[in-house]
Number of protein chains: 2
Amino acid sequence: MNVAVDAMGGDYAPGVVVQGAVDSALEFGIHVTLVGDEGLIRDLLPSDISSDLINVHHCADAVQMHESPLKAVRQKRDASIRVAFELVKRRKANAVVSAGNSGATVAAGILTLGRIEGVDRPAIAGILPGEKGRVILIDVGANVDCRPTYLFQFGVMANAFASSCLGLGNPKIGLLSIGEEGSKGNEQVRLARKLLEASPLNFVGNVEGRDIFAGEVEIIVCDGFVGNVALKLSEGMAKAMTRSLKAELIGTLSGRAALLCGRRSFENFRRKIDYEEYGGAPLLGINGVGIICHGGSSARAIKNAIKLADSYVSNRVLEKMVLQLKDFNGKQALA
Amino acid sequence: MNVAVDAMGGDYAPGVVVQGAVDSALEFGIHVTLVGDEGLIRDLLPSDISSDLINVHHCADAVQMHESPLKAVRQKRDASIRVAFELVKRRKANAVVSAGNSGATVAAGILTLGRIEGVDRPAIAGILPGEKGRVILIDVGANVDCRPTYLFQFGVMANAFASSCLGLGNPKIGLLSIGEEGSKGNEQVRLARKLLEASPLNFVGNVEGRDIFAGEVEIIVCDGFVGNVALKLSEGMAKAMTRSLKAELIGTLSGRAALLCGRRSFENFRRKIDYEEYGGAPLLGINGVGIICHGGSSARAIKNAIKLADSYVSNRVLEKMVLQLKDFNGKQALA
């Protein structure tokens, strides 16, 4: 196993990214190839780190956060994200992890590795902390406009990922809308519902915003605009609420006593709503493995994203996804 | 001042609705006309309540939650929500409050009172608890598909409402998208941005899901599909997080001690994230005042929604909105 990590991608790159890679190598024994400016990276690596755990693949360029993804990926042939996916293509690595420009990661993944059969549009699967466990929200930003067939394929891809990588057997799938009835929502949602209903997926119908965290479904399908808003809203809200409560408690003597008494409970709670447990969101539908991390990822998030990439590869998610897509698209055509 | 309250609308109607009306009458001295089944309502009213505070307007029908809004409102001429808006039209009431089928409230409001000049589509303005104060999210469900001009008008309407009713002078307005850059988002968002930029509104550009609670803007414009998902997601998440933390704390002795020590801080926090403070969301753009409450509203939410209706009328929001729409649409045409 070797995970190619885009060392130049992310708000705190390369420092935090290198740190996360070192941590994952030491903690999980996963081999990492750091892709980027070799000089910068070597300066950040511990001098005693074994090349059995980490090596560096030099490249001179990188896509910046503000750049137009497709244009940058096309023009910068030596950009770290592109070189990282090239390593996968040339079978020098099994997966890519990047906290850089997420549009560029999507573009580089598709451009370099292509799509798997039966997928029109690869999509990003956000893994959110729900009340009863993890919830997959797909798509969280790769596709702002989606046809009903794309939404159906998102459901199939997430189903394969959730069952083979997250251990969720026959996960319940909901379609994000603004009312439970099939008549609710926009045109695209109404048509996608029919496709999902006719499929062998464990589709339970429409779900609403409030259901994302309630945990009655394990997979929620939506377009990348709504999904991106929902993901960022929930991350922002978890942080804002935690900050707000902490400020209230710190403000009084009795509140500080409460913080002290309840520190174990607060810690458990923090872990429950932790957005960094999986570190990143897999890009499903490309012919390979790519994990997209937050621009502001911490070393811990990077470390966990590398672990997720490892688990994605070890569990042969890609092979299972290809089979399910063939199977379900076939049944769809017959229905 | 007289507020017509749809006594038959809501999951817990008429009991909870009547209770909320009585509470608002007694606490704020606002006169309420309860619209619905007179026999049922009279049984719920305290025998000693003065008709100077509450009267009942009988009607035989009501729109149910599962009904198709437009069809039900058209066919049921004696439905409580329709009769309530008729009272406003006949100047027997100044505003309507309903926790019933929200689509039916939108339809009845438009059908009975019409739209104000310069508004293509009335929209629902959700009032959310942000970290630095209230944030208006518009639209939260009246329009699933929106043209750029609708989004622009939402901004103007919310601006008038926020400045004249919530006391937010020259509120900062953001456009909900999936990236700060103008190039991000879908076609509709990119075009709406240009309209907002060219207007005299205090428009600050695109905002993302994470900004909804950060409080850097006071008004966030979006289509009704995304807005509805965001509103329900944030309500659901606030409840889920509170429940989750409470469960952690109650589970251990030290946690229970923390709950006891920190009870004042927890109470302050609860109040800060309280979705019932305004009780309902105004339907902006109809030629009159309508407040839409949650189906599951408590008596307290109904009470506060009636107070909001009262404040909407007293502050002459409608007149100011009409003026701003004329003014801004004119400048828009010149730009």
# chains A, B, ... in the order shown; residues from 1 in each chain; ligands from 1

call {"tool": "interface_residues", "arguments": {"of": "chain A", "to": "chain B", "cutoff": "6 Å", "atoms": "only C-alpha atoms", "output": "list in words"}}
result
Val144, Asn186, Gly209, Arg210, Val226, Val229, Lys232, Leu233, Gly236, Leu245, Glu248, Leu249, Ser254, Gly255, Ala258, Cys261, Gly262, Ser265 and Phe269 of chain A

call {"tool": "residues_around", "arguments": {"residues": "Thr105 of chain B", "least_positions_apart": "5", "cutoff": "8 Å", "atoms": "only C-alpha atoms", "output": "ChimeraX atom specification"}}
result
/B:69,81-82,98,100,292

call {"tool": "residues_around", "arguments": {"residues": "Gln188 of chain B", "least_positions_apart": "3", "cutoff": "8 Å", "atoms": "only C-alpha atoms", "output": "list in words"}}
result
Cys146, Arg147, Pro148, Leu191 and Ala192 of chain B

call {"tool": "residues_around", "arguments": {"residues": "Asp120 of chain B", "least_positions_apart": "2", "cutoff": "8 Å", "atoms": "only C-alpha atoms", "output": "PDB file with C-alpha atoms, in the first residue's frame"}}
result
ATOM      1  CA  ARG B 115     -48.336  40.549  -4.482  1.00  0.00           C
ATOM      2  CA  GLY B 118     -42.066  44.870  -7.953  1.00  0.00           C
ATOM      3  CA  PRO B 122     -43.225  36.191  -2.437  1.00  0.00           C
ATOM      4  CA  TYR B 150     -36.384  36.683  -7.753  1.00  0.00           C
ATOM      5  CA  GLN B 153     -36.025  40.897  -4.931  1.00  0.00           C
TER       6      GLN B 153
END

call {"tool": "atom_distance", "arguments": {"atom1": "atom CA of Ala4 of chain A", "atom2": "atom CA of Ala62 of chain A"}}
result
14.6 Å

call {"tool": "atom_distance", "arguments": {"atom1": "atom CA of Lys71 of chain A", "atom2": "atom CA of Lys303 of chain A"}}
result
29.4 Å

call {"tool": "select_by_dssp", "arguments": {"residues": "segment 63-190 of chain B", "states": "alpha helix (DSSP H)", "output": "PDB file with C-alpha atoms, in the first residue's frame"}}
result
ATOM      1  CA  PRO B  69     -51.581  23.495  -1.238  1.00  0.00           C
ATOM      2  CA  LEU B  70     -52.829  25.290  -4.325  1.00  0.00           C
ATOM      3  CA  LYS B  71     -55.604  22.813  -5.042  1.00  0.00           C
ATOM      4  CA  ALA B  72     -56.821  22.786  -1.433  1.00  0.00           C
ATOM      5  CA  VAL B  73     -56.794  26.579  -1.137  1.00  0.00           C
ATOM      6  CA  ARG B  74     -58.695  26.965  -4.413  1.00  0.00           C
ATOM      7  CA  GLN B  75     -61.296  24.329  -3.618  1.00  0.00           C
ATOM      8  CA  SER B  80     -59.434  28.595   8.037  1.00  0.00           C
ATOM      9  CA  ILE B  81     -56.246  29.851   6.320  1.00  0.00           C
ATOM     10  CA  ARG B  82     -58.231  31.351   3.460  1.00  0.00           C
ATOM     11  CA  VAL B  83     -60.828  32.921   5.751  1.00  0.00           C
ATOM     12  CA  ALA B  84     -58.027  34.404   7.888  1.00  0.00           C
ATOM     13  CA  PHE B  85     -56.516  36.185   4.865  1.00  0.00           C
ATOM     14  CA  GLU B  86     -60.040  37.281   3.799  1.00  0.00           C
ATOM     15  CA  LEU B  87     -60.327  39.055   7.169  1.00  0.00           C
ATOM     16  CA  VAL B  88     -57.169  41.004   6.322  1.00  0.00           C
ATOM     17  CA  LYS B  89     -58.511  41.830   2.893  1.00  0.00           C
ATOM     18  CA  SER B 102     -47.100  26.286   4.770  1.00  0.00           C
ATOM     19  CA  GLY B 103     -47.613  25.868   1.040  1.00  0.00           C
ATOM     20  CA  ALA B 104     -51.307  26.577   1.612  1.00  0.00           C
ATOM     21  CA  THR B 105     -50.467  29.694   3.631  1.00  0.00           C
ATOM     22  CA  VAL B 106     -48.290  30.973   0.780  1.00  0.00           C
ATOM     23  CA  ALA B 107     -50.994  30.153  -1.783  1.00  0.00           C
ATOM     24  CA  ALA B 108     -53.833  31.660   0.275  1.00  0.00           C
ATOM     25  CA  GLY B 109     -51.802  34.802   0.967  1.00  0.00           C
ATOM     26  CA  ILE B 110     -51.008  35.383  -2.702  1.00  0.00           C
ATOM     27  CA  LEU B 111     -54.488  34.410  -3.914  1.00  0.00           C
ATOM     28  CA  THR B 112     -56.313  36.604  -1.417  1.00  0.00           C
ATOM     29  CA  LEU B 113     -54.071  39.632  -0.999  1.00  0.00           C
ATOM     30  CA  PRO B 148     -31.908  35.642 -10.627  1.00  0.00           C
ATOM     31  CA  THR B 149     -34.417  38.538 -10.415  1.00  0.00           C
ATOM     32  CA  TYR B 150     -36.384  36.683  -7.753  1.00  0.00           C
ATOM     33  CA  LEU B 151     -33.228  36.315  -5.667  1.00  0.00           C
ATOM     34  CA  PHE B 152     -32.513  40.015  -6.077  1.00  0.00           C
ATOM     35  CA  GLN B 153     -36.025  40.897  -4.931  1.00  0.00           C
ATOM     36  CA  PHE B 154     -35.652  38.576  -1.930  1.00  0.00           C
ATOM     37  CA  GLY B 155     -32.667  40.685  -0.921  1.00  0.00           C
ATOM     38  CA  VAL B 156     -34.609  43.934  -1.198  1.00  0.00           C
ATOM     39  CA  MET B 157     -37.575  42.582   0.759  1.00  0.00           C
ATOM     40  CA  ALA B 158     -35.427  41.157   3.535  1.00  0.00           C
ATOM     41  CA  ASN B 159     -33.512  44.428   3.693  1.00  0.00           C
ATOM     42  CA  ALA B 160     -36.732  46.372   4.329  1.00  0.00           C
ATOM     43  CA  PHE B 161     -37.925  43.832   6.880  1.00  0.00           C
ATOM     44  CA  ALA B 162     -34.626  43.615   8.765  1.00  0.00           C
ATOM     45  CA  SER B 163     -34.094  47.359   8.956  1.00  0.00           C
ATOM     46  CA  SER B 164     -37.626  48.337   9.901  1.00  0.00           C
ATOM     47  CA  CYS B 165     -38.739  45.378  12.009  1.00  0.00           C
ATOM     48  CA  GLU B 187     -25.933  29.912 -13.294  1.00  0.00           C
ATOM     49  CA  GLN B 188     -28.773  31.411 -11.265  1.00  0.00           C
ATOM     50  CA  VAL B 189     -26.437  32.419  -8.430  1.00  0.00           C
ATOM     51  CA  ARG B 190     -23.840  33.932 -10.762  1.00  0.00           C
TER      52      ARG B 190
END

call {"tool": "atom_distance", "arguments": {"atom1": "atom CA of Asp52 of chain A", "atom2": "atom CA of Leu318 of chain A"}}
result
26.1 Å

call {"tool": "residues_around", "arguments": {"residues": "Ile124 of chain B", "least_positions_apart": "2", "cutoff": "6 Å", "atoms": "only C-alpha atoms", "output": "count of residues only"}}
result
5

call {"tool": "closest_residue", "arguments": {"among": "B:Pro129, B:Gly36, B:Gly182, B:Pro14", "to": "Asp78 of chain B", "atoms": "only C-alpha atoms"}}
result
B:Gly36

call {"tool": "residues_around", "arguments": {"residues": "Pro46 of chain A", "least_positions_apart": "4", "cutoff": "12 Å", "atoms": "only C-alpha atoms", "output": "number ranges by chain"}}
result
A: 15, 18-19, 21-23, 26, 41-42, 50-51, 53-55
